[in-house]
Structures are given as structure tokens and as C-alpha cells.
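Below you'll find the structure, written out as C-alpha cells, and then a few comments.
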Amino acid sequence: MVHGTATGLDEASGSGNLPPQMAATIHAGPAGPAGAVSDGTVLSLARALRVLSVLLGAGLALLVAGSALAFGAVHPWARAPLFELTAVLAVLAAARTLAVVLLRRRLGRSRFAFHASGRWVMLDVEEPYGIRTWSFDLDRPLVPSVPLLLPGLVFALWVVVQMVPLPPTLADALAGAETLPGAEKATGWRTLSVSVAQTATGLFFLAWALVVHVVASTILGGRESERRFRRFVSILGLVLAIVGLAQMATGTHRVYWFFKPWEGAGEHIFGPFVDRDHFAFYMLMVTPIAFGLFAHAYRRYRARVGQRANRRRWLVTLSRPEGLATLYATVPALAAVGSLIATTSRGALIAFTGGLALAALSLWRRRAVPVWAFAAVFTLVALSWFGTDRIESRMRRVAEDSPGRTVIWHDTLDRMGGRWIGGSGFNTFDVAMYRASAWALPAGATPWSDPYETTIVGVARVGFRTPEAIPGLWWYREAHNDYVQLLTETGTVGLLLALWAAARVLSSVRADPWLLAAAAAVFMHEFVDFGLHLPAIVALFMCLAAIRPSEGGGGSRTVPAG
């Protein structure tokens with residue numbers, strides 16, 4: 001190869017900002033404008049960047065799959081490894097960022113790809129000499145613009161305020177004059193949170209979710225990594241669907257046929273989740289992603305067939321790579337929507353319909369009618385598999401079951417008192433709303449002697465409230481409406497911050513109809529459920545919300561990765 005100068009490289013490839021000491025390692029490639037760098041330090045940094053990227057991608061997949069397969073990661077034994085793995089991924093992401101910074105100093109903000117020999121890197125080329133190798137764009141932002149980071153940090157700050165003791169006047173203005181509903185009026189400095197320990201736990205969970213969000217954005221910023229992650233989610237959904245449908249067919253009441261959930265008798269288990277509604281919540285995100293992959297494969301297949309093809313050409317093209325890819329993409333899409341419908345989760349099915357309608361509207365405006373039509377056909381096929389009678393039976397019970405949830409909502413709002421601005425404290429719904437003091441000594445009464453008085457009065461909330469309208473409900477830990485629960489726990493301030501975060505997510509994914517359908521379905525289902533309390537659901541949602549839609553990932557519009 002002929003040695004070139006830094007000036008010549010600047011004219012050819014726009015990378016003339018290389019340090020002078022590296023001019024001897026730059027070679028002009030036979031393809032023309034691209035250059036090659038064989039400096040040992042650059043190669044070491046590039047290899048380190050490649051290893052870190054691979055480890056991050058694999059670790060993120062392990063986090064998403066592991067959290068779902070481990071019963072949704074709702075048990076302490078599953079959450080601990082999940083948090084530890086996230087910490088490791090955060091360290092890897094920081095090391096990857098450092099490698100990018102060091103490479104920028106030597107190569108500038110150019111794209112590079114490894115030569116097939118691995119002995120040098122090619123600048124501003126994705127496929128050196130027509131061979132596809134690992135590449136990276138150094139012009140990508142070091143800290144990607146992720147939609148939930150800023151709202152999440154502001155929300156976390158508000159949660160911290162709830163944990164800080166405030167003067168009585170300010171505390172009364174933000175959260176009323178009562179320490180707990182029904183308790184005596186507090187006159188000293190106090191926190192807005194009725195349980196600082198539980199609020200701290202909720203803050204830790206929020207911080208973990210934001211770390212997952214940022215880590216996912218660092219690895220899912222490129223088109224290839226985004227496509228791989230979508231395929232991984234689709235395959236994971238296929239596995240979960242098979243497990244869930246097999247459990248449904250065998251009638252087992254145990255997860256994986258051996259684990260009996262301690263939360264209850266396990267009548268409604270589905271897949272690795274102890275509740276079919278939670279499984280349906282998870283598949284609300286997986287199903288649109290699987291539809292998006294099918295849409296991408298179908299567009300390539302249709303382009304290969306041509307505009308005026310006869311039936312024979314359509315069939316023959318199925319044996320081509322584009323046709324086979326379409327057939328393969330059909331399986332996860334059908335399995336995902338089939339398992340979602342098999343749960344008969346009313347809230348999830350309504351949310352799925354709403355998300356699918358948004359995707360159809362978005363695609364209709366782009367005149368891509370067959371794609372959303374196929375999604376509708378898949379849904380109808382799944383309905384035919386399991387019959388519409390089960391769905392109709394479940395939907396008819398809405399009028400019977402809805403009072404149970406609405407009573408909780410009304411009861412919760414009626415008992416908020418003066419907490420409309422500040423709330424009772426993040427993650428304190430169970431303490432503030434469904435628990436109650438067993439009794440209190442009359443004014444002026446002499447306390448009992450130990451151990452009787454301390455065993456009862458020493459515990460703030462040992463009793464359980466039963467709403468009068470639904471006497472059969474003796475225990476509830478969630479409001480079954482996360483918007484009501486957020487209002488209860490964080491007040492109007494927290495609810496507005498959450499709505500801001502939701503708007504940012506929807507705005508960031510609006511270029512991709514299927515990501516939009518997944519995100520919108522989640523926000524719709526939150527009106528009747530609490531899926532975002534489960535680590536597995538949060539992990540997948542944070543990853544999907546970190547994706548910046550690009551061409552080929554399931555959408556039909558090109559959005560710059562940077």
C-alpha cells in the first residue's frame with residue numbers, strides 16, 4: 001500500500017484532524033477516499049471498544065431475559081443479581097465511553113471498521129473491500145439524549161424532597177397537617193413521606209431503572225445493535241409464549257410446573273409470571289416489536305417480488321433469503337399475539353387494540369396498508385385459535401369486576417386529605433392507604449405494662465382496612481391504577497412529572513409505528529394495572545424507550561442515529 005500524508009487524507013476522507021505523529025501509520029486504500037490506520041495504540045483501543053460493546057450487548061440481553069425468566073424478578077433472591085448485573089453494565093458502559101474519547105483524540109469523529117485481517121482499521125468505511133466487519137461511528141454522542149433521563153432525575157429530586165424533614169408550615173402546605181390518615185396532628189419538623197424507609201427503597205428502584213435506561217441507550221444507538229436487540233426481544237417473546245401456552249394446555253398451577261407462588265394459589269399463572277395480567281403486560285411490548293420485524297421482512301420480500309409479479313413469482317420468491325426471513329418472522333409474531341390473547345386480560349387486550357390502532361394510523365399515513373393489515377390478520381388468527389367465547393365472557397364481566405377497582409380509586413382519592421400537592425411519599429401506598437392502626441388508648445389513659453402495650457401500640461399500622469363497598473377485599477397493596485397511585489404517593493407534582501416523562505417517550509418513538517404501539521399500550525394499560533412495579537417489565541420498557549428509531553428496525557422512516 002502507498003503511504004499517504006495527513007493532508008492528503010484530509011482532502012480524501014475528511015479526517016485530517018489526526019495528530020502528526022500518526023501520519024506514518026495512515027495508508028491510502030485502493031478504494032480511494034478511505035484511509036487505514038495500523039497504529040498499535042489505536043488498534044488496542046478499537047479492540048477494547050469492540051469487546052466492551054459485545055459484553056454490553058450480551059449483558060443487556062441477559063438482564064432482560066433473566067429478569068423475565070426469574071418469575072419477573074419479583075422476589076428478593078432475583079432482584080439482588082439483577083441490581084448487581086446492572087452495576088457491572090454501568091461500569092462497562094463507562095469504560096466504553098472512555099475508549100470512545102481516547103479514539104476520538106486519535107481518529108477524530110469518523111466512522112471506522114476493522115479490516116478483515118484485523119491488523120488495521122479503515123476510516124469512513126463500513127465494509128472494507130466489500131467484507132462486512134465490526135464498525136463504529138465515533139461521531140455518536142458520548143451521552144445519548146435519552147427521553148427518561150431528565151424527567152427521571154427531576155422526579156428523583158422530588159422524592160428526595162419528600163424524605164427531608166421540613167418546617168411544620170411548609171410540610172402542612174404540601175402534605176396536610178396529619179402525619180398519617182387518622183393520626184394525631186404533628187407539630188414538629190417532619191417529612192412528607194409517611195415511611196422514609198419505603199420511600200428510600202422506591203428511590204433506589206427508580207435509580208436502577210434510570211441506569212438501565214442510560215446503559216441501554218449507549219448500546220442501542222447504532223442500527224445494527226438496535227436490530228439485534230429487536231430480534232432478541234422477538235425470540236424471547238417466542239420462548240415466553242411457548243412456555244405460557246404449554247402451561248395453559250396442561251392446566252398447571254405451578255410456574256415451570258414446579259414452583260408454587262407464595263403470593264397465592266397460582267390459579268392465574270402464565271409463563272414465568274405468577275399472574276396472567278403481568279404476562280400480558282410484558283407481551284404488550286413484545287408483540288409490536290415482533291410485528292415490526294415481520295413488517296421489515298415483508299417489505300424486503302415484496303421489493304424482491306416486484307411490482308407486477310404473478311402468483312408463481314410470489315411463491316418462488318419464498319425460497320429466497322427475503323422470503324425465508326418473512327416466514328421466520330411470522331412465527332414469533334403469531335406466537336406473541338396468540339399468547340397475549342390467550343391470557344384474556346381485558347385491560348391488556350384493550351390497550352393492545354389501542355396501540356395497534358395507533359400503529360395502523362401511522363402506517364396508513366405512509367400508505368403502507370399491507371403491513372398493518374397483516375398485523376390485523378395475525379390478531380384475527382389468534383382469536384380463532386382460542387375462540388371468541390372466552391374473550392366475550394371475560395369482557396362481559398367488566399361490569400361485575402370494575403366496581404372493585406373503582407371503589408379503591410374513589411376510596412384512595414377521598415382519603416388523600418391535604419396531600420394533593422406533596423403526596424404520602426413515593427412507594428408508600430400500602431402504608432398510607434390500606435393499613436390502619438389497630439386501636440389507640442383514650443386520652444389520659446395509663447399505658448399498659450410491658451409487654452402488652454409495646455407489642456401493639458408500638459407498631460404504627462398493624463391493621464388492614466376493608467372498603468365498605470367491597471367487604472370481600474381485605475388486602476390491597478396497589479391501587480391498580482398507577483396514575484392514581486402516583487397522585488397518592490407523590491402528589492400533583494409527581495403525577496405531572498410522570499406525564500411529562502410519558503410524553504417524552506411517545507415523542508421519541510413516534511417515528512417508529514411499532515415502538516409507538518408498544519409504548520402507548522403500556523401507558524394505556526397503566527390505567528388498570530401496575531405492571532411498571534415489576535422489575536422485568538421495567539427493564540424491557542426502559543430498553544425500548546432508549547431506542548432511537550432508525551431505518552430497518554421496524555419503522556419506515558430514517559432517523560439519524562446521532
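Lettering and numbering for the C-alpha cells are positional, with chains as A, B, ... in the shown order, residues counted from 1 in each chain, and ligands counted from 1 in the shown order.
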
Exercise: A:Ala517 partners within 9 Å, only C-alpha atoms, chain neighbours under 4 positions left out, as a PyMOL selection string:
chain A and resi 284-285+288-289+352+354-359+512-513+521-522

Could you produce a table of the residues of stretch 183-243 of chain A lying within 10 Å of stretch 269-283 of chain A, with the nearest pair of atoms per residue and their separation in Å rounded to one decimal, using only C-alpha atoms, ordered by chain and increasing residue number, as a Markdown table?
| residue | atom | partner | partner_atom | distance |
| --- | --- | --- | --- | --- |
| A:Gly237 | CA | A:Met283 | CA | 7.1 |
| A:Leu238 | CA | A:Met283 | CA | 10.0 |
| A:Val239 | CA | A:Gly271 | CA | 9.2 |
| A:Leu240 | CA | A:Gly271 | CA | 5.9 |
| A:Ala241 | CA | A:Gly271 | CA | 7.0 |
| A:Ile242 | CA | A:Gly271 | CA | 8.0 |
| A:Val243 | CA | A:Gly271 | CA | 5.2 |

Output all heavy atoms for every residue in the selection just made, as a JSON list (two decimals), in the first residue's frame.
[["chain", "number", "residue", "atom", "x", "y", "z"],
["A", 237, "GLY", "N", -39.78, -13.36, 23.30],
["A", 237, "GLY", "CA", -41.24, -13.44, 23.33],
["A", 237, "GLY", "C", -41.75, -14.77, 22.84],
["A", 237, "GLY", "O", -42.73, -15.31, 23.38],
["A", 238, "LEU", "N", -41.08, -15.34, 21.83],
["A", 238, "LEU", "CA", -41.48, -16.66, 21.34],
["A", 238, "LEU", "C", -41.30, -17.72, 22.42],
["A", 238, "LEU", "O", -42.18, -18.56, 22.63],
["A", 238, "LEU", "CB", -40.64, -17.01, 20.10],
["A", 238, "LEU", "CG", -40.84, -18.42, 19.53],
["A", 238, "LEU", "CD1", -42.28, -18.62, 19.08],
["A", 238, "LEU", "CD2", -39.87, -18.66, 18.37],
["A", 239, "VAL", "N", -40.18, -17.65, 23.12],
["A", 239, "VAL", "CA", -39.93, -18.61, 24.21],
["A", 239, "VAL", "C", -40.97, -18.47, 25.31],
["A", 239, "VAL", "O", -41.55, -19.46, 25.79],
["A", 239, "VAL", "CB", -38.51, -18.43, 24.78],
["A", 239, "VAL", "CG1", -38.29, -19.30, 26.01],
["A", 239, "VAL", "CG2", -37.46, -18.74, 23.72],
["A", 240, "LEU", "N", -41.23, -17.23, 25.73],
["A", 240, "LEU", "CA", -42.22, -17.00, 26.78],
["A", 240, "LEU", "C", -43.61, -17.45, 26.34],
["A", 240, "LEU", "O", -44.38, -18.00, 27.15],
["A", 240, "LEU", "CB", -42.24, -15.52, 27.16],
["A", 240, "LEU", "CG", -40.96, -14.94, 27.76],
["A", 240, "LEU", "CD1", -41.13, -13.47, 28.09],
["A", 240, "LEU", "CD2", -40.54, -15.72, 29.00],
["A", 241, "ALA", "N", -43.94, -17.21, 25.07],
["A", 241, "ALA", "CA", -45.24, -17.61, 24.57],
["A", 241, "ALA", "C", -45.40, -19.13, 24.60],
["A", 241, "ALA", "O", -46.45, -19.66, 24.98],
["A", 241, "ALA", "CB", -45.45, -17.08, 23.16],
["A", 242, "ILE", "N", -44.35, -19.84, 24.18],
["A", 242, "ILE", "CA", -44.42, -21.30, 24.18],
["A", 242, "ILE", "C", -44.61, -21.83, 25.59],
["A", 242, "ILE", "O", -45.44, -22.72, 25.85],
["A", 242, "ILE", "CB", -43.14, -21.88, 23.54],
["A", 242, "ILE", "CG1", -43.10, -21.56, 22.04],
["A", 242, "ILE", "CG2", -43.05, -23.38, 23.77],
["A", 242, "ILE", "CD1", -41.81, -21.98, 21.37],
["A", 243, "VAL", "N", -43.85, -21.27, 26.55],
["A", 243, "VAL", "CA", -43.99, -21.71, 27.94],
["A", 243, "VAL", "C", -45.39, -21.42, 28.46],
["A", 243, "VAL", "O", -46.03, -22.27, 29.09],
["A", 243, "VAL", "CB", -42.93, -21.03, 28.82],
["A", 243, "VAL", "CG1", -43.15, -21.37, 30.29],
["A", 243, "VAL", "CG2", -41.53, -21.47, 28.41]]

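Residue nearest A:Ala90 within the list A:Tyr298, A:Trp208, A:Trp257, A:Phe523: A:Trp208 [criterion: smallest interatomic distance, only C-alpha atoms].
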
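Residue nearest A:Ala80, chosen from A:Leu102, A:Leu107, A:Phe205, A:Phe291 and counting only C-alpha atoms: A:Phe205.
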
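Distances here use only C-alpha atoms; by that measure, the residue among A:Val286, A:Tyr301, A:Val91, A:Arg312 closest to A:Ala518 is A:Val286.
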
When you draw a straight line from atom CA of A:Gly491 to atom CA of A:Trp420, how long is it in Å?
4.9 Å

Can you list, as a compact mmCIF listing (two decimals) with N, CA, C and O atoms, in the first residue's frame, every protein, DNA or RNA residue that comes within 12 Å of A:Phe258 when you count only C-alpha atoms, leaving out same-chain residues fewer than 5 positions away?
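Below is the file part.txt, written as the result:
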# COMPACT_ATOMS: atom_id res chain seq x y z
N GLN A 247 -48.19 -24.20 29.54
CA GLN A 247 -48.77 -24.24 30.88
C GLN A 247 -50.30 -24.19 30.81
O GLN A 247 -50.98 -24.89 31.57
N THR A 252 -51.51 -26.53 34.55
CA THR A 252 -50.72 -26.49 35.77
C THR A 252 -50.96 -25.20 36.55
O THR A 252 -51.29 -24.16 35.97
N HIS A 253 -50.83 -25.29 37.86
CA HIS A 253 -50.94 -24.13 38.74
C HIS A 253 -49.58 -23.76 39.32
O HIS A 253 -49.50 -23.02 40.30
N GLY A 266 -51.96 -19.55 42.75
CA GLY A 266 -51.40 -19.70 41.43
C GLY A 266 -52.40 -20.11 40.37
O GLY A 266 -52.06 -20.80 39.42
N PRO A 272 -43.57 -17.38 32.94
CA PRO A 272 -42.80 -17.27 34.19
C PRO A 272 -43.43 -16.33 35.20
O PRO A 272 -42.92 -16.19 36.31

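The residue that comes closest to A:Ala351, out of A:Ala519, A:Val88, A:Val505, A:Ala432 and on the basis of only C-alpha atoms, is A:Ala519.
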
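Among the candidates A:Ser424, A:Gln485, A:Ser362, A:Thr492, the one nearest to A:Ala175 when counting only C-alpha atoms is A:Ser424.
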
Please provide as a VMD selection string all residues within 7 Å of A:Phe429, with the sequence filter that same-chain residues fewer than 6 positions apart are discarded (counting only C-alpha atoms).
chain A and resid 477 to 478 485 489

Print the selection's residues with all heavy atoms to a file, as a PDB file, in the first residue's frame.
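Wrote again-v4.pdb, looks like this:
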ATOM      1  N   ARG A 477     -52.431  -3.866  48.033  1.00  0.00           N
ATOM      2  CA  ARG A 477     -51.144  -3.190  48.160  1.00  0.00           C
ATOM      3  C   ARG A 477     -50.948  -2.150  47.076  1.00  0.00           C
ATOM      4  O   ARG A 477     -50.097  -1.279  47.186  1.00  0.00           O
ATOM      5  CB  ARG A 477     -50.023  -4.233  48.098  1.00  0.00           C
ATOM      6  CG  ARG A 477     -48.637  -3.718  48.442  1.00  0.00           C
ATOM      7  CD  ARG A 477     -47.656  -4.876  48.569  1.00  0.00           C
ATOM      8  NE  ARG A 477     -47.702  -5.749  47.402  1.00  0.00           N
ATOM      9  CZ  ARG A 477     -47.163  -6.969  47.363  1.00  0.00           C
ATOM     10  NH1 ARG A 477     -46.586  -7.467  48.453  1.00  0.00           N
ATOM     11  NH2 ARG A 477     -47.239  -7.706  46.274  1.00  0.00           N
ATOM     12  N   GLU A 478     -51.699  -2.230  46.013  1.00  0.00           N
ATOM     13  CA  GLU A 478     -51.612  -1.285  44.902  1.00  0.00           C
ATOM     14  C   GLU A 478     -53.006  -0.747  44.584  1.00  0.00           C
ATOM     15  O   GLU A 478     -54.021  -1.381  44.897  1.00  0.00           O
ATOM     16  CB  GLU A 478     -51.027  -1.945  43.639  1.00  0.00           C
ATOM     17  CG  GLU A 478     -49.556  -2.308  43.740  1.00  0.00           C
ATOM     18  CD  GLU A 478     -49.339  -3.686  44.363  1.00  0.00           C
ATOM     19  OE1 GLU A 478     -50.344  -4.426  44.523  1.00  0.00           O
ATOM     20  OE2 GLU A 478     -48.198  -4.017  44.707  1.00  0.00           O
ATOM     21  N   GLN A 485     -52.217   5.995  41.893  1.00  0.00           N
ATOM     22  CA  GLN A 485     -51.227   5.688  42.922  1.00  0.00           C
ATOM     23  C   GLN A 485     -50.106   6.721  42.945  1.00  0.00           C
ATOM     24  O   GLN A 485     -49.632   7.106  44.018  1.00  0.00           O
ATOM     25  CB  GLN A 485     -50.659   4.288  42.698  1.00  0.00           C
ATOM     26  CG  GLN A 485     -49.723   3.835  43.803  1.00  0.00           C
ATOM     27  CD  GLN A 485     -49.595   2.326  43.872  1.00  0.00           C
ATOM     28  OE1 GLN A 485     -50.491   1.600  43.455  1.00  0.00           O
ATOM     29  NE2 GLN A 485     -48.489   1.854  44.405  1.00  0.00           N
ATOM     30  N   GLU A 489     -49.055   8.990  46.114  1.00  0.00           N
ATOM     31  CA  GLU A 489     -47.728   8.914  46.713  1.00  0.00           C
ATOM     32  C   GLU A 489     -46.894  10.172  46.500  1.00  0.00           C
ATOM     33  O   GLU A 489     -46.097  10.547  47.377  1.00  0.00           O
ATOM     34  CB  GLU A 489     -46.981   7.704  46.143  1.00  0.00           C
ATOM     35  CG  GLU A 489     -47.614   6.372  46.493  1.00  0.00           C
ATOM     36  CD  GLU A 489     -46.852   5.206  45.907  1.00  0.00           C
ATOM     37  OE1 GLU A 489     -46.024   5.418  44.994  1.00  0.00           O
ATOM     38  OE2 GLU A 489     -47.080   4.065  46.359  1.00  0.00           O
TER      39      GLU A 489
END

Expected answer as an NGL selection string: strand (DSSP E or B) residues in stretch 181-381 of chain A
:A and (185 or 190 or 255 or 259 or 270 or 273)

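For A:Gly425, the set of protein, DNA and RNA residues having any atom at most 9 Å away, when counting only C-alpha atoms and skipping those fewer than 2 positions along the same chain, is Val159, Gln162, Met163, Thr191, Leu192, Ser193, Val194, Ser195, Val196, Gln198, Thr199, Gly422, Gly423, Asn427, Thr428, Phe429, Ala432, Thr488, Glu489, Thr490 and Gly491 of chain A.
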
Put those residues in a file: all heavy atoms, as a tab-separated table (two decimals), in the first residue's frame.
chain	number	residue	atom	x	y	z
A	159	VAL	N	-38.58	13.16	45.01
A	159	VAL	CA	-38.66	12.09	46.01
A	159	VAL	C	-37.71	12.38	47.17
A	159	VAL	O	-38.04	12.13	48.34
A	159	VAL	CB	-38.33	10.73	45.35
A	159	VAL	CG1	-38.25	9.63	46.41
A	159	VAL	CG2	-39.39	10.37	44.32
A	162	GLN	N	-39.26	14.67	49.50
A	162	GLN	CA	-40.23	14.00	50.36
A	162	GLN	C	-39.58	13.36	51.59
A	162	GLN	O	-40.24	13.13	52.60
A	162	GLN	CB	-40.99	12.93	49.58
A	162	GLN	CG	-41.94	13.45	48.52
A	162	GLN	CD	-42.71	12.32	47.87
A	162	GLN	OE1	-42.14	11.30	47.46
A	162	GLN	NE2	-44.01	12.49	47.77
A	163	MET	N	-38.29	13.07	51.50
A	163	MET	CA	-37.60	12.38	52.58
A	163	MET	C	-36.90	13.34	53.54
A	163	MET	O	-36.38	12.91	54.57
A	163	MET	CB	-36.57	11.41	51.99
A	163	MET	CG	-37.19	10.34	51.10
A	163	MET	SD	-35.94	9.43	50.14
A	163	MET	CE	-34.94	8.74	51.44
A	191	THR	N	-41.17	14.83	57.66
A	191	THR	CA	-41.03	14.55	56.24
A	191	THR	C	-42.40	14.42	55.59
A	191	THR	O	-43.39	14.10	56.26
A	191	THR	CB	-40.25	13.24	56.02
A	191	THR	OG1	-40.98	12.17	56.60
A	191	THR	CG2	-38.87	13.32	56.67
A	192	LEU	N	-42.45	14.65	54.30
A	192	LEU	CA	-43.69	14.42	53.58
A	192	LEU	C	-44.01	12.94	53.50
A	192	LEU	O	-45.17	12.54	53.49
A	192	LEU	CB	-43.60	15.00	52.16
A	192	LEU	CG	-43.30	16.50	52.04
A	192	LEU	CD1	-43.31	16.91	50.56
A	192	LEU	CD2	-44.31	17.32	52.81
A	193	SER	N	-42.98	12.11	53.43
A	193	SER	CA	-43.17	10.67	53.35
A	193	SER	C	-43.57	10.12	54.71
A	193	SER	O	-42.98	10.45	55.74
A	193	SER	CB	-41.87	9.99	52.88
A	193	SER	OG	-41.98	8.59	52.95
A	194	VAL	N	-44.58	9.26	54.70
A	194	VAL	CA	-45.02	8.62	55.94
A	194	VAL	C	-44.12	7.44	56.30
A	194	VAL	O	-44.23	6.90	57.40
A	194	VAL	CB	-46.48	8.15	55.83
A	194	VAL	CG1	-47.40	9.33	55.57
A	194	VAL	CG2	-46.63	7.10	54.73
A	195	SER	N	-43.26	7.03	55.39
A	195	SER	CA	-42.31	5.96	55.65
A	195	SER	C	-41.05	6.23	54.84
A	195	SER	O	-40.98	5.90	53.64
A	195	SER	CB	-42.90	4.59	55.29
A	195	SER	OG	-41.93	3.57	55.45
A	196	VAL	N	-40.07	6.86	55.48
A	196	VAL	CA	-38.85	7.22	54.77
A	196	VAL	C	-38.13	5.98	54.25
A	196	VAL	O	-37.55	5.99	53.17
A	196	VAL	CB	-37.93	8.04	55.70
A	196	VAL	CG1	-36.58	8.31	55.05
A	196	VAL	CG2	-38.61	9.35	56.08
A	198	GLN	N	-39.42	3.12	53.18
A	198	GLN	CA	-40.03	2.63	51.94
A	198	GLN	C	-39.81	3.60	50.78
A	198	GLN	O	-39.64	3.18	49.63
A	198	GLN	CB	-41.52	2.39	52.15
A	198	GLN	CG	-41.81	1.19	53.04
A	198	GLN	CD	-43.26	0.76	52.99
A	198	GLN	OE1	-43.78	0.23	53.96
A	198	GLN	NE2	-43.92	0.95	51.88
A	199	THR	N	-39.81	4.88	51.06
A	199	THR	CA	-39.52	5.85	50.01
A	199	THR	C	-38.09	5.71	49.52
A	199	THR	O	-37.82	5.82	48.31
A	199	THR	CB	-39.77	7.28	50.52
A	199	THR	OG1	-41.14	7.40	50.92
A	199	THR	CG2	-39.48	8.31	49.44
A	422	GLY	N	-48.13	17.30	47.83
A	422	GLY	CA	-46.89	16.57	48.17
A	422	GLY	C	-47.01	15.08	48.21
A	422	GLY	O	-46.01	14.37	48.07
A	423	GLY	N	-48.21	14.53	48.39
A	423	GLY	CA	-48.36	13.09	48.45
A	423	GLY	C	-47.91	12.51	49.78
A	423	GLY	O	-47.43	13.21	50.68
A	427	ASN	N	-43.69	5.19	46.97
A	427	ASN	CA	-43.66	3.80	47.39
A	427	ASN	C	-44.26	3.59	48.78
A	427	ASN	O	-43.86	2.69	49.51
A	427	ASN	CB	-42.22	3.26	47.36
A	427	ASN	CG	-42.16	1.75	47.48
A	427	ASN	OD1	-42.97	1.03	46.90
A	427	ASN	ND2	-41.21	1.24	48.25
A	428	THR	N	-45.23	4.41	49.17
A	428	THR	CA	-45.84	4.27	50.50
A	428	THR	C	-47.34	4.02	50.41
A	428	THR	O	-48.04	4.20	51.41
A	428	THR	CB	-45.60	5.54	51.34
A	428	THR	OG1	-46.22	6.66	50.69
A	428	THR	CG2	-44.12	5.80	51.53
A	429	PHE	N	-47.85	3.63	49.28
A	429	PHE	CA	-49.30	3.45	49.14
A	429	PHE	C	-49.83	2.44	50.16
A	429	PHE	O	-50.88	2.65	50.77
A	429	PHE	CB	-49.65	3.00	47.72
A	429	PHE	CG	-51.12	2.83	47.49
A	429	PHE	CD1	-51.91	3.90	47.14
A	429	PHE	CD2	-51.73	1.58	47.63
A	429	PHE	CE1	-53.28	3.75	46.93
A	429	PHE	CE2	-53.09	1.41	47.43
A	429	PHE	CZ	-53.86	2.50	47.08
A	432	ALA	N	-49.81	4.10	53.68
A	432	ALA	CA	-50.67	5.28	53.84
A	432	ALA	C	-52.13	4.99	53.60
A	432	ALA	O	-53.00	5.67	54.13
A	432	ALA	CB	-50.20	6.38	52.89
A	488	THR	N	-51.37	9.70	44.67
A	488	THR	CA	-51.42	9.46	46.11
A	488	THR	C	-50.05	9.58	46.75
A	488	THR	O	-49.89	10.21	47.80
A	488	THR	CB	-52.00	8.06	46.39
A	488	THR	OG1	-53.28	7.95	45.79
A	488	THR	CG2	-52.10	7.81	47.88
A	489	GLU	N	-49.05	8.99	46.11
A	489	GLU	CA	-47.73	8.91	46.71
A	489	GLU	C	-46.89	10.17	46.50
A	489	GLU	O	-46.10	10.55	47.38
A	489	GLU	CB	-46.98	7.70	46.14
A	489	GLU	CG	-47.61	6.37	46.49
A	489	GLU	CD	-46.85	5.21	45.91
A	489	GLU	OE1	-46.02	5.42	44.99
A	489	GLU	OE2	-47.08	4.07	46.36
A	490	THR	N	-47.01	10.79	45.34
A	490	THR	CA	-46.13	11.93	45.03
A	490	THR	C	-46.89	13.21	44.78
A	490	THR	O	-46.26	14.23	44.44
A	490	THR	CB	-45.27	11.59	43.80
A	490	THR	OG1	-46.11	11.37	42.66
A	490	THR	CG2	-44.42	10.36	44.05
A	491	GLY	N	-48.19	13.20	44.89
A	491	GLY	CA	-48.97	14.42	44.73
A	491	GLY	C	-49.07	14.86	43.28
A	491	GLY	O	-48.64	14.17	42.35

Can you list every residue in stretch 100-281 of chain A that DSSP puts in helix (DSSP H, G or I), as a ChimeraX atom specification?
/A:100-107,128-130,149-163,168-175,196-219,223-250,276-281

Separating atom CA of A:Pro144 from atom CA of A:Thr218, to the nearest tenth of an Å, is a gap of 6.6 Å
